[in-house]
Every structure is written in structure tokens, then in C-alpha cells.
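Single-structure report; data block below.
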Amino acid sequence: SYSAVKTISRKPLDFNHPKLENIVLDFDQMAEHSGQLKADDVFCCLGTTIKKVKTKEKFRQVDFDYPLALARISKANGARQYLLVSALGADKKSSIFYNQVKGEVEEAIGEVGFTSFQIFRPSLLMGDRQENRSGEEAGKVFFKYFGFLVPKKYKGIDSIKVARAMQAFAK
């Protein structure tokens, strides 16, 4: 569907494709790379955990500041569509910090003014990760054996299914 695909990452990707351009940058310096951040459709799947980054401030930086900066830069460069992976329970009024930040970033990006802004709120994302998150691993085991007890919207979902849904909505 696309003539070219640009990815933004902190480290070079370990695969190549003729249509792929991997832009390696420090997310704190995103504005300095704005000329490279031109696209019609932007898929933002950036996120972390407080456990990984250690502080609420760093979590907010990764899950709020960076996606919003990407939205503003890409919109200024002509992007028409922004597709964001958020989280089930995202709500700026939530008493849960994680959900609060997710709700705040949804609202802030919504105000940027894209022709189309799609939000995807999966529950626990299933799939391979390079890092080990013990809580998520326990959740995966639980869903595998006891998922039939959980209402559908709370069930874990394979990350590839979320990616395919994002691609379908982008079209």
C-alpha cells in the first residue's frame, strides 16, 4: 500500500527491505530531524513502563512527550493521518497514572488537527518481546489457560492483530 516506509528507532533495525528507511535518532532531538519526518500516514506504537524507566517523569516523556512531538512535526510536514496505539482504560481523569497519561496524549494529539486520527486501545499485547516483563509474562500464561473467563475486551491480543487493524484503518 505504500511506496516507502520510514521507521524511527533509537538503534538500527536488524532487518532490511527495499521500501524501508530506518531513521535512527535520539527522541529528545526529534525536532532536529524534522526534515526526515515526512509522511502521509503516521503509525505511533511508542510506549514503555514505569518499571523500565524508573520514574513517572521518564514514563510521561516516552508515552506523552514523544508521541505528541511526532504528531506536531509530522502534521507540520503534511501528514494527514495519525494512528496511535494507546491502552485499554486510557482516561485523562483516571486515578491510575498510566491510564491518565494515555488519555492525556490521546486528547493532545486529537487537538493537532489531523484529517484522521485513529486510536487503538488494546489490552495486554501478546507476542515476542526483546525484553522480559515478568508481570506481562504471567498475564500471558493466565490468558492462555483462563482467558475464557475474561470478558473479550479485557483479553490479551496478539500485537500482529493490532498492527493489521492499524493497517486496515489506514487504508
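The chains in the C-alpha cells are called A, B, ... from first to last as shown; in each chain the residues are counted from 1, and the ligands are counted from 1 in the order shown.
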### Message
Give me, as a count of residues only, all polymer residues having an atom no more than 10 Å from stretch 20-32 of chain A, counting only C-alpha atoms and skipping those fewer than 3 positions away in the same chain.
### Response
26
### Query
So which residues of stretch 15-131 of chain A fall under alpha helix (DSSP H) by DSSP, listed as a count of residues only?
34
### Task
Mind checking which residues fall within 9 Å of A:Val162, counting only C-alpha atoms, ignoring those fewer than 5 positions away in the same chain, and posting them as a PyMOL selection string?
chain A and resi 85+120+122+125+157+167
For stretch 42-49 of chain A, list every protein, DNA or RNA residue within 9 Å, evaluated using only C-alpha atoms, and leave out those in the same chain fewer than 6 positions away; present the list as a CSV table (one decimal) with N, CA, C and O atoms, in the first residue's frame.
```csv
chain,number,residue,atom,x,y,z
A,59,PHE,N,8.5,8.1,32.2
A,59,PHE,CA,7.4,7.5,31.6
A,59,PHE,C,6.6,8.5,30.8
A,59,PHE,O,6.2,8.2,29.6
A,62,VAL,N,8.2,9.5,27.5
A,62,VAL,CA,8.1,8.5,26.4
A,62,VAL,C,6.7,8.3,25.9
A,62,VAL,O,6.5,8.2,24.7
A,63,ASP,N,5.7,8.3,26.8
A,63,ASP,CA,4.4,8.0,26.4
A,63,ASP,C,3.5,9.2,26.1
A,63,ASP,O,2.4,9.1,25.5
A,64,PHE,N,4.0,10.4,26.4
A,64,PHE,CA,3.2,11.6,26.1
A,64,PHE,C,4.1,12.6,25.2
A,64,PHE,O,3.7,12.9,24.1
A,66,TYR,N,7.0,12.3,23.5
A,66,TYR,CA,7.5,11.9,22.2
A,66,TYR,C,6.4,11.7,21.2
A,66,TYR,O,6.5,12.1,20.0
A,67,PRO,N,5.3,11.0,21.5
A,67,PRO,CA,4.2,10.8,20.5
A,67,PRO,C,3.6,12.2,20.1
A,67,PRO,O,3.3,12.4,18.9
A,70,LEU,N,6.0,13.9,17.8
A,70,LEU,CA,6.0,13.3,16.4
A,70,LEU,C,4.7,13.8,15.7
A,70,LEU,O,4.7,14.0,14.5
A,71,ALA,N,3.6,13.9,16.4
A,71,ALA,CA,2.3,14.3,15.8
A,71,ALA,C,2.5,15.7,15.3
A,71,ALA,O,2.1,16.0,14.1
A,74,SER,N,5.1,15.8,12.3
A,74,SER,CA,4.6,15.2,11.0
A,74,SER,C,3.4,15.9,10.5
A,74,SER,O,3.3,16.1,9.2
A,79,ALA,N,1.5,15.5,7.1
A,79,ALA,CA,0.8,14.2,7.3
A,79,ALA,C,-0.7,14.4,7.5
A,79,ALA,O,-1.1,15.4,8.1
A,80,ARG,N,-1.5,13.5,7.0
A,80,ARG,CA,-2.9,13.6,7.0
A,80,ARG,C,-3.5,12.7,8.1
A,80,ARG,O,-4.6,13.0,8.6
A,81,GLN,N,-2.8,11.7,8.4
A,81,GLN,CA,-3.4,10.7,9.3
A,81,GLN,C,-2.4,10.2,10.4
A,81,GLN,O,-1.3,10.0,10.1
A,82,TYR,N,-2.9,10.0,11.6
A,82,TYR,CA,-2.1,9.6,12.7
A,82,TYR,C,-2.8,8.4,13.4
A,82,TYR,O,-4.0,8.6,13.7
A,83,LEU,N,-2.2,7.3,13.5
A,83,LEU,CA,-2.7,6.1,14.2
A,83,LEU,C,-1.9,5.8,15.4
A,83,LEU,O,-0.7,5.6,15.3
A,84,LEU,N,-2.5,5.8,16.6
A,84,LEU,CA,-1.9,5.7,17.8
A,84,LEU,C,-2.3,4.4,18.6
A,84,LEU,O,-3.5,4.2,18.8
A,85,VAL,N,-1.3,3.7,19.1
A,85,VAL,CA,-1.5,2.6,20.0
A,85,VAL,C,-1.5,3.2,21.4
A,85,VAL,O,-0.5,3.8,21.8
A,86,SER,N,-2.7,3.1,22.0
A,86,SER,CA,-2.8,3.7,23.4
A,86,SER,C,-3.0,2.5,24.3
A,86,SER,O,-2.2,1.6,24.3
A,98,TYR,N,-0.8,5.6,34.7
A,98,TYR,CA,-0.6,5.0,33.3
A,98,TYR,C,-1.7,5.4,32.4
A,98,TYR,O,-1.6,5.9,31.3
A,166,MET,N,-4.5,-1.6,12.4
A,166,MET,CA,-4.0,-0.2,12.1
A,166,MET,C,-3.8,-0.1,10.6
A,166,MET,O,-4.2,0.9,10.1
A,167,GLN,N,-3.3,-1.1,10.0
A,167,GLN,CA,-3.1,-1.0,8.6
A,167,GLN,C,-4.4,-0.9,7.8
A,167,GLN,O,-4.6,-0.1,6.9
A,170,ALA,N,-5.9,2.5,8.2
A,170,ALA,CA,-5.1,3.5,7.4
A,170,ALA,C,-5.6,3.5,6.0
A,170,ALA,O,-5.6,4.6,5.3
```
### Query
How many Å lie between atom CA of A:Leu88 and atom CA of A:Ser116, rounded to one decimal?
20.4 Å
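Closest to A:Ala165 among A:Ile109, A:Met126, A:Val53, A:Ile119 is A:Ile119, based on only C-alpha atoms.
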### Message
What's the separation between atom CA of A:Ala90 and atom CA of A:Gly103, in Å to one decimal place?
### Response
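Atom CA of A:Gly103 lies 4.5 Å from atom CA of A:Ala90.
You will find atom CA of A:Gly78 at 18.1 Å from atom CA of A:Ala108.
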